[in-house]
file start10.tsv (TSV, C-alpha atoms and all ligand atoms)
chain	number	residue	atom	x	y	z
A	1	MET	CA	128.51	74.80	183.39
A	2	ASP	CA	130.36	77.36	185.43
A	3	PRO	CA	130.66	81.05	184.51
A	4	GLU	CA	134.06	80.36	182.92
A	5	PHE	CA	132.37	78.24	180.22
A	6	TRP	CA	130.27	81.22	179.07
A	7	LEU	CA	133.04	83.77	179.46
A	8	MET	CA	135.20	81.63	177.14
A	9	LYS	CA	132.33	81.34	174.63
A	10	TRP	CA	132.15	85.14	174.42
A	11	HIS	CA	135.92	85.49	174.39
A	12	ASN	CA	136.15	83.03	171.47
A	13	ASN	CA	133.17	84.61	169.70
A	14	GLU	CA	131.26	81.29	169.80
A	15	THR	CA	127.83	82.87	169.94
A	16	GLY	CA	125.78	80.68	167.60
A	17	PHE	CA	122.77	81.20	169.91
A	18	HIS	CA	122.66	84.91	168.98
A	19	GLU	CA	119.92	85.76	166.48
A	20	GLN	CA	120.03	88.47	163.82
A	21	GLU	CA	116.58	89.81	164.61
A	22	ALA	CA	114.05	89.81	167.45
A	23	ASN	CA	112.76	86.31	168.12
A	24	PRO	CA	109.35	85.72	166.44
A	25	ASN	CA	108.15	83.75	169.47
A	26	LEU	CA	108.52	86.98	171.43
A	27	THR	CA	107.12	89.38	168.83
A	28	GLN	CA	104.11	87.14	168.10
A	29	ASN	CA	103.26	86.36	171.74
A	30	ILE	CA	104.11	89.47	173.75
A	31	HIS	CA	100.40	90.40	173.84
A	32	ARG	CA	99.75	87.19	175.83
A	33	LEU	CA	101.48	88.81	178.81
A	34	SER	CA	98.79	91.54	178.91
A	35	LEU	CA	101.29	94.25	179.84
A	36	ALA	CA	100.66	97.97	180.23
A	37	PRO	CA	103.00	100.38	178.42
A	38	GLY	CA	106.15	100.97	180.44
A	39	SER	CA	105.95	97.56	182.17
A	40	ARG	CA	109.25	96.18	183.43
A	41	ILE	CA	110.28	92.98	181.66
A	42	PHE	CA	113.10	90.86	183.05
A	43	VAL	CA	115.37	89.22	180.46
A	44	PRO	CA	117.66	86.79	182.33
A	45	LEU	CA	120.93	85.59	180.75
A	46	CYS	CA	120.38	88.12	177.99
A	47	GLY	CA	123.61	87.96	175.99
A	48	LYS	CA	123.39	90.73	173.39
A	49	THR	CA	119.95	89.72	172.19
A	50	LEU	CA	118.14	91.97	169.73
A	51	ASP	CA	115.01	91.19	171.70
A	52	ILE	CA	116.11	93.96	174.08
A	53	PRO	CA	116.08	96.84	171.54
A	54	TRP	CA	112.81	95.44	170.20
A	55	LEU	CA	111.19	95.46	173.66
A	56	ILE	CA	112.45	98.98	174.38
A	57	LYS	CA	111.05	100.14	171.03
A	58	GLN	CA	107.64	98.70	171.98
A	59	GLY	CA	107.68	100.99	175.02
A	60	TYR	CA	108.62	98.46	177.71
A	61	TYR	CA	111.34	98.92	180.29
A	62	VAL	CA	113.90	96.11	180.12
A	63	VAL	CA	115.70	94.78	183.17
A	64	ALA	CA	118.34	92.25	182.17
A	65	ALA	CA	121.13	90.11	183.59
A	66	GLU	CA	124.29	88.94	181.85
A	67	LEU	CA	127.62	87.55	182.98
A	68	SER	CA	129.90	88.57	180.13
A	69	THR	CA	131.27	92.11	179.83
A	70	ILE	CA	131.95	91.37	176.13
A	71	ALA	CA	128.24	90.66	175.60
A	72	ILE	CA	127.26	93.78	177.54
A	73	ALA	CA	129.66	95.97	175.55
A	74	GLN	CA	128.33	94.59	172.25
A	75	LEU	CA	124.73	95.05	173.39
A	76	CYS	CA	125.40	98.70	174.32
A	77	GLN	CA	127.13	99.22	170.97
A	78	GLN	CA	124.03	97.89	169.20
A	79	LEU	CA	121.86	100.20	171.27
A	80	ASP	CA	124.29	103.00	170.44
A	81	ILE	CA	124.57	104.12	174.06
A	82	ILE	CA	127.20	104.51	176.72
A	83	PRO	CA	125.40	103.46	179.92
A	84	ASP	CA	125.98	104.85	183.40
A	85	SER	CA	127.55	102.15	185.54
A	86	THR	CA	127.47	101.58	189.29
A	87	LYS	CA	129.22	98.86	191.31
A	88	ILE	CA	127.07	96.91	193.81
A	89	GLY	CA	129.41	94.33	195.34
A	90	ASP	CA	130.45	92.00	192.51
A	91	ILE	CA	127.56	93.14	190.30
A	92	THR	CA	127.80	96.13	187.96
A	93	ARG	CA	124.57	97.94	187.25
A	94	TYR	CA	124.32	99.57	183.82
A	95	ASP	CA	121.58	102.14	183.22
A	96	GLY	CA	120.58	103.45	179.82
A	97	PRO	CA	117.42	104.82	178.19
A	98	GLY	CA	114.72	102.20	178.67
A	99	PHE	CA	116.86	99.59	180.37
A	100	THR	CA	118.84	98.49	183.40
A	101	LEU	CA	121.30	95.64	183.01
A	102	PHE	CA	122.92	93.78	185.88
A	103	GLY	CA	126.37	92.59	184.88
A	104	GLY	CA	127.55	89.54	186.80
A	105	ASP	CA	126.30	86.18	188.02
A	106	ILE	CA	122.49	86.11	188.14
A	107	PHE	CA	122.70	84.11	191.37
A	108	HIS	CA	124.31	87.15	193.04
A	109	ILE	CA	121.42	89.45	192.10
A	110	THR	CA	118.84	90.08	194.84
A	111	PRO	CA	115.15	91.03	194.60
A	112	ASP	CA	116.01	94.44	196.13
A	113	MET	CA	118.52	95.18	193.38
A	114	LEU	CA	116.08	94.14	190.64
A	115	GLY	CA	113.01	96.03	191.86
A	116	ASN	CA	109.49	95.30	190.70
A	117	ILE	CA	109.17	93.04	187.65
A	118	ASP	CA	105.95	92.76	185.61
A	119	ALA	CA	106.96	89.90	183.32
A	120	VAL	CA	109.80	87.53	182.47
A	121	TYR	CA	111.04	86.60	179.00
A	122	ASP	CA	113.24	83.49	179.03
A	123	ARG	CA	114.80	82.66	175.69
A	124	ALA	CA	117.96	80.50	175.76
A	125	ALA	CA	118.33	81.02	179.52
A	126	LEU	CA	116.75	77.96	181.22
A	127	VAL	CA	117.93	75.73	178.37
A	128	ALA	CA	121.47	77.12	178.67
A	129	LEU	CA	121.89	75.42	182.04
A	130	PRO	CA	122.41	71.77	183.09
A	131	PHE	CA	119.69	70.17	185.22
A	132	GLU	CA	121.06	70.93	188.71
A	133	MET	CA	121.53	74.58	187.76
A	134	ARG	CA	118.05	74.70	186.22
A	135	VAL	CA	116.59	73.70	189.59
A	136	ARG	CA	118.56	76.48	191.28
A	137	TYR	CA	117.85	79.00	188.51
A	138	THR	CA	114.06	78.50	188.45
A	139	LYS	CA	113.87	78.88	192.23
A	140	HIS	CA	116.03	82.01	192.08
A	141	LEU	CA	113.94	83.43	189.23
A	142	ARG	CA	110.81	82.99	191.35
A	143	ASP	CA	112.55	84.65	194.31
A	144	LEU	CA	113.50	87.57	192.04
A	145	THR	CA	110.24	88.03	190.16
A	146	GLY	CA	107.48	86.51	192.33
A	147	THR	CA	104.82	85.13	190.05
A	148	ALA	CA	105.23	87.67	187.27
A	149	PRO	CA	103.89	86.12	184.05
A	150	GLN	CA	106.52	84.52	181.87
A	151	LEU	CA	107.11	83.66	178.22
A	152	LEU	CA	109.44	80.68	178.19
A	153	ILE	CA	111.03	78.95	175.19
A	154	THR	CA	112.33	75.40	175.57
A	155	PHE	CA	113.59	72.60	173.32
A	156	ASP	CA	112.40	69.01	173.43
A	157	TYR	CA	114.81	66.59	171.75
A	158	ASP	CA	116.68	63.37	172.39
A	159	GLN	CA	119.48	64.41	174.72
A	160	GLN	CA	121.38	61.22	173.75
A	161	LYS	CA	121.83	62.66	170.25
A	162	MET	CA	123.50	65.92	171.27
A	163	ASP	CA	125.10	67.44	174.33
A	164	GLY	CA	123.73	70.75	175.59
A	165	PRO	CA	123.68	73.65	175.66
A	166	PRO	CA	121.00	74.13	174.63
A	167	PHE	CA	119.71	71.35	176.87
A	168	ALA	CA	116.48	69.44	176.30
A	169	VAL	CA	113.80	70.57	178.74
A	170	ILE	CA	110.69	68.46	178.32
A	171	ALA	CA	107.13	69.36	179.34
A	172	ASN	CA	107.34	67.33	182.57
A	173	GLU	CA	110.37	69.28	183.64
A	174	VAL	CA	108.73	72.65	182.94
A	175	GLU	CA	105.92	71.46	185.23
A	176	GLN	CA	108.37	70.21	187.83
A	177	HIS	CA	109.91	73.69	188.13
A	178	TYR	CA	106.81	75.84	187.82
A	179	ILE	CA	103.50	74.03	188.38
A	180	ASP	CA	103.29	74.93	192.09
A	181	HIS	CA	103.29	78.64	191.24
A	182	TYR	CA	101.85	79.05	187.76
A	183	SER	CA	99.22	77.81	185.40
A	184	ILE	CA	101.19	76.62	182.38
A	185	THR	CA	99.95	76.84	178.79
A	186	LEU	CA	101.76	75.56	175.71
A	187	LEU	CA	101.26	78.29	173.09
A	188	HIS	CA	103.16	76.73	170.16
A	189	GLY	CA	105.33	73.78	169.28
A	190	ASN	CA	107.60	74.49	166.31
A	191	GLU	CA	109.51	71.73	164.51
A	192	ILE	CA	113.12	72.86	164.17
A	193	ASN	CA	116.62	71.50	163.67
A	194	LEU	CA	119.13	72.40	166.38
A	195	LYS	CA	122.65	73.32	165.27
A	196	GLY	CA	122.15	71.22	162.11
A	197	LYS	CA	122.50	68.15	164.34
A	198	VAL	CA	119.19	67.07	165.80
A	199	ASP	CA	115.48	67.52	165.13
A	200	ALA	CA	113.72	69.19	168.02
A	201	GLN	CA	110.45	70.72	169.02
A	202	GLU	CA	110.78	74.33	170.11
A	203	ASN	CA	108.05	74.92	172.68
A	204	VAL	CA	106.70	78.31	173.66
A	205	TRP	CA	105.08	78.42	177.11
A	206	LEU	CA	102.98	81.00	178.88
A	207	LEU	CA	103.23	80.92	182.66
A	208	LYS	CA	100.65	82.89	184.60
A	209	ALA	CA	100.15	83.26	188.33
A	210	GLY	CA	97.89	80.70	189.99
A	211	ALA	CA	98.61	76.97	190.05
B	1	LIG	C1	122.66	80.71	175.33
B	1	LIG	S1	123.08	82.34	175.73
B	1	LIG	C2	121.54	83.15	175.46
B	1	LIG	C3	121.63	84.64	175.34
B	1	LIG	C4	120.29	85.33	175.02
B	1	LIG	N1	119.22	84.96	175.93
B	1	LIG	C5	119.88	85.11	173.59
B	1	LIG	O1	118.73	84.70	173.37
B	1	LIG	O2	120.68	85.36	172.68
B	1	LIG	C6	123.19	82.27	177.51
B	1	LIG	C7	123.77	83.53	178.12
B	1	LIG	O3	123.71	83.43	179.53
B	1	LIG	C8	124.87	84.02	180.09
B	1	LIG	N2	125.04	83.40	181.42
B	1	LIG	C9	125.35	82.11	181.67
B	1	LIG	N3	125.39	81.88	182.99
B	1	LIG	C10	125.06	83.06	183.59
B	1	LIG	C11	124.93	83.47	184.95
B	1	LIG	N4	125.13	82.61	185.96
B	1	LIG	N5	124.58	84.75	185.21
B	1	LIG	C12	124.36	85.63	184.19
B	1	LIG	N6	124.48	85.30	182.88
B	1	LIG	C13	124.83	84.03	182.58
B	1	LIG	C14	125.97	83.69	179.08
B	1	LIG	O4	127.07	84.56	179.15
B	1	LIG	C15	125.22	83.80	177.76
B	1	LIG	O5	125.31	85.09	177.21

call {"tool": "encode", "arguments": {"input": "start10.tsv", "output": "structure tokens", "more": "lines below"}}
Ligand SMILES: C[S@@+](CC[C@H](N)C(=O)[O-])C[C@H]1O[C@@H](n2cnc3c(N)ncnc32)[C@H](O)[C@@H]1O
result
Amino acid sequence: MDPEFWLMKWHNNETGFHEQEANPNLTQNIHRLSLAPGSRIFVPLCGKTLDIPWLIKQGYYVVAAELSTIAIAQLCQQLDIIPDSTKIGDITRYDGPGFTLFGGDIFHITPDMLGNIDAVYDRAALVALPFEMRVRYTKHLRDLTGTAPQLLITFDYDQQKMDGPPFAVIANEVEQHYIDHYSITLLHGNEINLKGKVDAQENVWLLKAGA
């Protein structure tokens, strides 16, 4: 699942993962992160999610990462802003009121670029990646954000019945990536149907520092 795959998805407007309102798993569970006003929340692989305007409206500062310039342009249009942009190597940093977005490959973003992060919100990011990339991504996310608490949404379904993305990420795998660094709590398991093709359980996890 190289960058080209996602750039083509945006180019062809195949963005079925995009939701028309802020995700209820975020809005109903944000308090679990115990964040002070103004806290910096990292939203990796953000697309043009409406979770970002929602978080900004709640008084948080959003730090995000996204590959596609089409997604970034559409996100800024939704926010009704023209951000300042700065080139840092092959990453473009976009700054607007209440947010900083790093445009480019998340694996090229460094902890210094990102700055301090108080929490991570991962919706459709981990599950967007095949297994080998998930191993690399979760390690990189920890390098970027230390043990900042995290809200993570995954899908558990029979991978034989449908190809990802989104990929099935079962409880054992969440533990495999994160148990050495976090205590892991399952907050909810919602029965859903994915893409009209397969029944799945959507799991909402809270990761907090301390294994
Ligand atoms: C399934 S979408 C999810 C978008 C968003 N989280 C949401 O909930 O709508 C995955 C996004 O990750 C972006 N992406 C994929 N690989 C990436 C990478 N290596 N670095 C940065 N963004 C990436 C894609 O362009 C796409 O917008």

call {"tool": "atom_distance", "arguments": {"input": "start10.tsv", "atom1": "atom C12 of ligand LIG 1 (chain B)", "atom2": "atom CA of Glu202 of chain A"}}
result
22.6 Å

call {"tool": "residues_near_ligand", "arguments": {"input": "start10.tsv", "ligand": "ligand LIG 1 (chain B)", "cutoff": "7 Å", "atoms": "all atoms listed in the file", "output": "JSON list (two decimals) with C-alpha atoms, in the coordinates of the input"}}
result
[["chain", "number", "residue", "atom", "x", "y", "z"],
["A", 3, "PRO", "CA", 130.66, 81.05, 184.51],
["A", 6, "TRP", "CA", 130.27, 81.22, 179.07],
["A", 7, "LEU", "CA", 133.04, 83.77, 179.46],
["A", 10, "TRP", "CA", 132.15, 85.14, 174.42],
["A", 17, "PHE", "CA", 122.77, 81.20, 169.91],
["A", 18, "HIS", "CA", 122.66, 84.91, 168.98],
["A", 19, "GLU", "CA", 119.92, 85.76, 166.48],
["A", 44, "PRO", "CA", 117.66, 86.79, 182.33],
["A", 45, "LEU", "CA", 120.93, 85.59, 180.75],
["A", 46, "CYS", "CA", 120.38, 88.12, 177.99],
["A", 47, "GLY", "CA", 123.61, 87.96, 175.99],
["A", 48, "LYS", "CA", 123.39, 90.73, 173.39],
["A", 49, "THR", "CA", 119.95, 89.72, 172.19],
["A", 65, "ALA", "CA", 121.13, 90.11, 183.59],
["A", 66, "GLU", "CA", 124.29, 88.94, 181.85],
["A", 67, "LEU", "CA", 127.62, 87.55, 182.98],
["A", 68, "SER", "CA", 129.90, 88.57, 180.13],
["A", 71, "ALA", "CA", 128.24, 90.66, 175.60],
["A", 104, "GLY", "CA", 127.55, 89.54, 186.80],
["A", 105, "ASP", "CA", 126.30, 86.18, 188.02],
["A", 106, "ILE", "CA", 122.49, 86.11, 188.14],
["A", 107, "PHE", "CA", 122.70, 84.11, 191.37],
["A", 122, "ASP", "CA", 113.24, 83.49, 179.03],
["A", 123, "ARG", "CA", 114.80, 82.66, 175.69],
["A", 124, "ALA", "CA", 117.96, 80.50, 175.76],
["A", 125, "ALA", "CA", 118.33, 81.02, 179.52],
["A", 128, "ALA", "CA", 121.47, 77.12, 178.67],
["A", 166, "PRO", "CA", 121.00, 74.13, 174.63]]

call {"tool": "closest_residue", "arguments": {"input": "start10.tsv", "among": "A:Phe167, A:Trp54, A:Tyr60, A:Tyr94", "to": "Ala73 of chain A", "atoms": "all atoms listed in the file"}}
result
A:Tyr94

call {"tool": "atom_distance", "arguments": {"input": "start10.tsv", "atom1": "atom CA of Glu21 of chain A", "atom2": "atom CA of Phe42 of chain A"}}
result
18.8 Å

call {"tool": "residues_around", "arguments": {"input": "start10.tsv", "residues": "Asp51 of chain A", "least_positions_apart": "6", "cutoff": "10 Å", "atoms": "all atoms listed in the file", "output": "JSON, numbers by chain"}}
result
{"A": [19, 20, 21, 22, 23, 24, 26, 27, 43, 57, 62, 121, 123]}

call {"tool": "write_last_selection", "arguments": {"input": "start10.tsv", "atoms": "C-alpha atoms", "output": "CSV table (one decimal), keeping the file's coordinate frame"}}
result
chain,number,residue,atom,x,y,z
A,19,GLU,CA,119.9,85.8,166.5
A,20,GLN,CA,120.0,88.5,163.8
A,21,GLU,CA,116.6,89.8,164.6
A,22,ALA,CA,114.0,89.8,167.4
A,23,ASN,CA,112.8,86.3,168.1
A,24,PRO,CA,109.4,85.7,166.4
A,26,LEU,CA,108.5,87.0,171.4
A,27,THR,CA,107.1,89.4,168.8
A,43,VAL,CA,115.4,89.2,180.5
A,57,LYS,CA,111.0,100.1,171.0
A,62,VAL,CA,113.9,96.1,180.1
A,121,TYR,CA,111.0,86.6,179.0
A,123,ARG,CA,114.8,82.7,175.7

call {"tool": "residues_around", "arguments": {"input": "start10.tsv", "residues": "Ala200 of chain A", "least_positions_apart": "6", "cutoff": "8 Å", "atoms": "only C-alpha atoms", "output": "list in words"}}
result
Phe155, Asp156, Tyr157, Asp158, Glu191, Ile192, Asn193 and Leu194 of chain A

call {"tool": "closest_residue", "arguments": {"input": "start10.tsv", "among": "A:Tyr182, A:Thr147, A:Leu152, A:Ala168", "to": "Trp205 of chain A", "atoms": "all atoms listed in the file"}}
result
A:Leu152

call {"tool": "atom_distance", "arguments": {"input": "start10.tsv", "atom1": "atom CA of His108 of chain A", "atom2": "atom CA of Lys87 of chain A"}}
result
12.8 Å

call {"tool": "residues_around", "arguments": {"input": "start10.tsv", "residues": "segment 130-140 of chain A", "least_positions_apart": "5", "cutoff": "8 Å", "atoms": "all atoms listed in the file", "output": "list in words"}}
result
Met1, Phe107, Gly164, Pro165, Phe167, His177 and Tyr178 of chain A

call {"tool": "write_last_selection", "arguments": {"input": "start10.tsv", "atoms": "C-alpha atoms", "output": "short mmCIF file (atom, residue, chain, number, x, y, z; two decimals), in the frame of the given file"}}
result
data_model
loop_
_atom_site.label_atom_id
_atom_site.label_comp_id
_atom_site.auth_asym_id
_atom_site.auth_seq_id
_atom_site.Cartn_x
_atom_site.Cartn_y
_atom_site.Cartn_z
CA MET A 1 128.51 74.80 183.39
CA PHE A 107 122.70 84.11 191.37
CA GLY A 164 123.73 70.75 175.59
CA PRO A 165 123.68 73.65 175.66
CA PHE A 167 119.71 71.35 176.87
CA HIS A 177 109.91 73.69 188.13
CA TYR A 178 106.81 75.84 187.82
#

call {"tool": "closest_residue", "arguments": {"input": "start10.tsv", "among": "A:Pro37, A:Gly89, A:Gly210, A:Gly196", "to": "Met162 of chain A", "atoms": "all atoms listed in the file"}}
result
A:Gly196

call {"tool": "closest_atom_pairs", "arguments": {"input": "start10.tsv", "of": "segment 131-198 of chain A", "to": "segment 109-114 of chain A", "cutoff": "10 Å", "atoms": "only C-alpha atoms", "output": "JSON lines"}}
result
{"residue": "A:His140", "atom": "CA", "partner": "A:Thr110", "partner_atom": "CA", "distance": 9.0}
{"residue": "A:Leu141", "atom": "CA", "partner": "A:Pro111", "partner_atom": "CA", "distance": 9.4}
{"residue": "A:Arg142", "atom": "CA", "partner": "A:Pro111", "partner_atom": "CA", "distance": 9.7}
{"residue": "A:Asp143", "atom": "CA", "partner": "A:Pro111", "partner_atom": "CA", "distance": 6.9}
{"residue": "A:Leu144", "atom": "CA", "partner": "A:Pro111", "partner_atom": "CA", "distance": 4.6}
{"residue": "A:Thr145", "atom": "CA", "partner": "A:Pro111", "partner_atom": "CA", "distance": 7.3}
{"residue": "A:Gly146", "atom": "CA", "partner": "A:Pro111", "partner_atom": "CA", "distance": 9.2}

call {"tool": "residues_around", "arguments": {"input": "start10.tsv", "residues": "Glu175 of chain A", "least_positions_apart": "4", "cutoff": "12 Å", "atoms": "all atoms listed in the file", "output": "count of residues only"}}
result
17

call {"tool": "closest_residue", "arguments": {"input": "start10.tsv", "among": "A:Gln176, A:Gln159, A:Thr69, A:Thr100", "to": "Asp84 of chain A", "atoms": "all atoms listed in the file"}}
result
A:Thr100

call {"tool": "residues_around", "arguments": {"input": "start10.tsv", "residues": "Asp95 of chain A", "least_positions_apart": "4", "cutoff": "9 Å", "atoms": "only C-alpha atoms", "output": "ChimeraX atom specification"}}
result
/A:82-86,99-102

call {"tool": "write_last_selection", "arguments": {"input": "start10.tsv", "atoms": "C-alpha atoms", "output": "compact mmCIF listing (two decimals), in the coordinates of the input"}}
result
# COMPACT_ATOMS: atom_id res chain seq x y z
CA ILE A 82 127.20 104.51 176.72
CA PRO A 83 125.40 103.46 179.92
CA ASP A 84 125.98 104.85 183.40
CA SER A 85 127.55 102.15 185.54
CA THR A 86 127.47 101.58 189.29
CA PHE A 99 116.86 99.59 180.37
CA THR A 100 118.84 98.49 183.40
CA LEU A 101 121.30 95.64 183.01
CA PHE A 102 122.92 93.78 185.88

call {"tool": "build_atoms", "arguments": {"input": "start10.tsv", "residues": "segment 84-108 of chain A", "atoms": "N, CA and C atoms", "output": "PDB file, in the frame of the given file"}}
result
ATOM      1  N   ASP A  84     125.384 104.532 182.101  1.00  0.00           N
ATOM      2  CA  ASP A  84     125.980 104.850 183.400  1.00  0.00           C
ATOM      3  C   ASP A  84     126.235 103.528 184.104  1.00  0.00           C
ATOM      4  N   SER A  85     127.325 103.403 184.823  1.00  0.00           N
ATOM      5  CA  SER A  85     127.550 102.150 185.540  1.00  0.00           C
ATOM      6  C   SER A  85     127.831 102.402 187.013  1.00  0.00           C
ATOM      7  N   THR A  86     127.329 101.492 187.835  1.00  0.00           N
ATOM      8  CA  THR A  86     127.470 101.580 189.290  1.00  0.00           C
ATOM      9  C   THR A  86     127.849 100.196 189.804  1.00  0.00           C
ATOM     10  N   LYS A  87     128.825 100.133 190.702  1.00  0.00           N
ATOM     11  CA  LYS A  87     129.220  98.860 191.310  1.00  0.00           C
ATOM     12  C   LYS A  87     128.346  98.573 192.526  1.00  0.00           C
ATOM     13  N   ILE A  88     127.791  97.347 192.599  1.00  0.00           N
ATOM     14  CA  ILE A  88     127.070  96.910 193.810  1.00  0.00           C
ATOM     15  C   ILE A  88     127.690  95.565 194.175  1.00  0.00           C
ATOM     16  N   GLY A  89     128.684  95.572 195.044  1.00  0.00           N
ATOM     17  CA  GLY A  89     129.410  94.330 195.340  1.00  0.00           C
ATOM     18  C   GLY A  89     130.069  93.815 194.065  1.00  0.00           C
ATOM     19  N   ASP A  90     129.829  92.532 193.729  1.00  0.00           N
ATOM     20  CA  ASP A  90     130.450  92.000 192.510  1.00  0.00           C
ATOM     21  C   ASP A  90     129.529  92.107 191.292  1.00  0.00           C
ATOM     22  N   ILE A  91     128.459  92.887 191.440  1.00  0.00           N
ATOM     23  CA  ILE A  91     127.560  93.140 190.300  1.00  0.00           C
ATOM     24  C   ILE A  91     127.790  94.581 189.820  1.00  0.00           C
ATOM     25  N   THR A  92     127.780  94.768 188.502  1.00  0.00           N
ATOM     26  CA  THR A  92     127.800  96.130 187.960  1.00  0.00           C
ATOM     27  C   THR A  92     126.446  96.422 187.350  1.00  0.00           C
ATOM     28  N   ARG A  93     125.873  97.542 187.774  1.00  0.00           N
ATOM     29  CA  ARG A  93     124.570  97.940 187.250  1.00  0.00           C
ATOM     30  C   ARG A  93     124.775  98.960 186.134  1.00  0.00           C
ATOM     31  N   TYR A  94     124.224  98.663 184.968  1.00  0.00           N
ATOM     32  CA  TYR A  94     124.320  99.570 183.820  1.00  0.00           C
ATOM     33  C   TYR A  94     122.941 100.148 183.560  1.00  0.00           C
ATOM     34  N   ASP A  95     122.870 101.480 183.491  1.00  0.00           N
ATOM     35  CA  ASP A  95     121.580 102.140 183.220  1.00  0.00           C
ATOM     36  C   ASP A  95     121.656 102.924 181.922  1.00  0.00           C
ATOM     37  N   GLY A  96     120.675 102.699 181.063  1.00  0.00           N
ATOM     38  CA  GLY A  96     120.580 103.450 179.820  1.00  0.00           C
ATOM     39  C   GLY A  96     119.115 103.780 179.572  1.00  0.00           C
ATOM     40  N   PRO A  97     118.816 104.468 178.463  1.00  0.00           N
ATOM     41  CA  PRO A  97     117.420 104.820 178.190  1.00  0.00           C
ATOM     42  C   PRO A  97     116.575 103.572 177.956  1.00  0.00           C
ATOM     43  N   GLY A  98     115.623 103.338 178.837  1.00  0.00           N
ATOM     44  CA  GLY A  98     114.720 102.200 178.670  1.00  0.00           C
ATOM     45  C   GLY A  98     115.225 100.884 179.207  1.00  0.00           C
ATOM     46  N   PHE A  99     116.396 100.876 179.825  1.00  0.00           N
ATOM     47  CA  PHE A  99     116.860  99.590 180.370  1.00  0.00           C
ATOM     48  C   PHE A  99     117.828  99.735 181.535  1.00  0.00           C
ATOM     49  N   THR A 100     117.839  98.676 182.358  1.00  0.00           N
ATOM     50  CA  THR A 100     118.840  98.490 183.400  1.00  0.00           C
ATOM     51  C   THR A 100     119.386  97.091 183.235  1.00  0.00           C
ATOM     52  N   LEU A 101     120.696  96.963 183.177  1.00  0.00           N
ATOM     53  CA  LEU A 101     121.300  95.640 183.010  1.00  0.00           C
ATOM     54  C   LEU A 101     122.215  95.352 184.190  1.00  0.00           C
ATOM     55  N   PHE A 102     122.053  94.179 184.781  1.00  0.00           N
ATOM     56  CA  PHE A 102     122.920  93.780 185.880  1.00  0.00           C
ATOM     57  C   PHE A 102     124.009  92.871 185.322  1.00  0.00           C
ATOM     58  N   GLY A 103     125.244  93.354 185.387  1.00  0.00           N
ATOM     59  CA  GLY A 103     126.370  92.590 184.880  1.00  0.00           C
ATOM     60  C   GLY A 103     126.966  91.754 185.998  1.00  0.00           C
ATOM     61  N   GLY A 104     127.001  90.444 185.787  1.00  0.00           N
ATOM     62  CA  GLY A 104     127.550  89.540 186.800  1.00  0.00           C
ATOM     63  C   GLY A 104     126.712  88.278 186.853  1.00  0.00           C
ATOM     64  N   ASP A 105     126.980  87.468 187.869  1.00  0.00           N
ATOM     65  CA  ASP A 105     126.300  86.180 188.020  1.00  0.00           C
ATOM     66  C   ASP A 105     124.868  86.403 188.507  1.00  0.00           C
ATOM     67  N   ILE A 106     123.905  85.889 187.775  1.00  0.00           N
ATOM     68  CA  ILE A 106     122.490  86.110 188.140  1.00  0.00           C
ATOM     69  C   ILE A 106     122.211  85.643 189.565  1.00  0.00           C
ATOM     70  N   PHE A 107     122.960  84.634 190.024  1.00  0.00           N
ATOM     71  CA  PHE A 107     122.700  84.110 191.370  1.00  0.00           C
ATOM     72  C   PHE A 107     123.145  85.092 192.455  1.00  0.00           C
ATOM     73  N   HIS A 108     123.877  86.132 192.068  1.00  0.00           N
ATOM     74  CA  HIS A 108     124.310  87.150 193.040  1.00  0.00           C
ATOM     75  C   HIS A 108     123.395  88.374 193.017  1.00  0.00           C
TER      76      HIS A 108
END
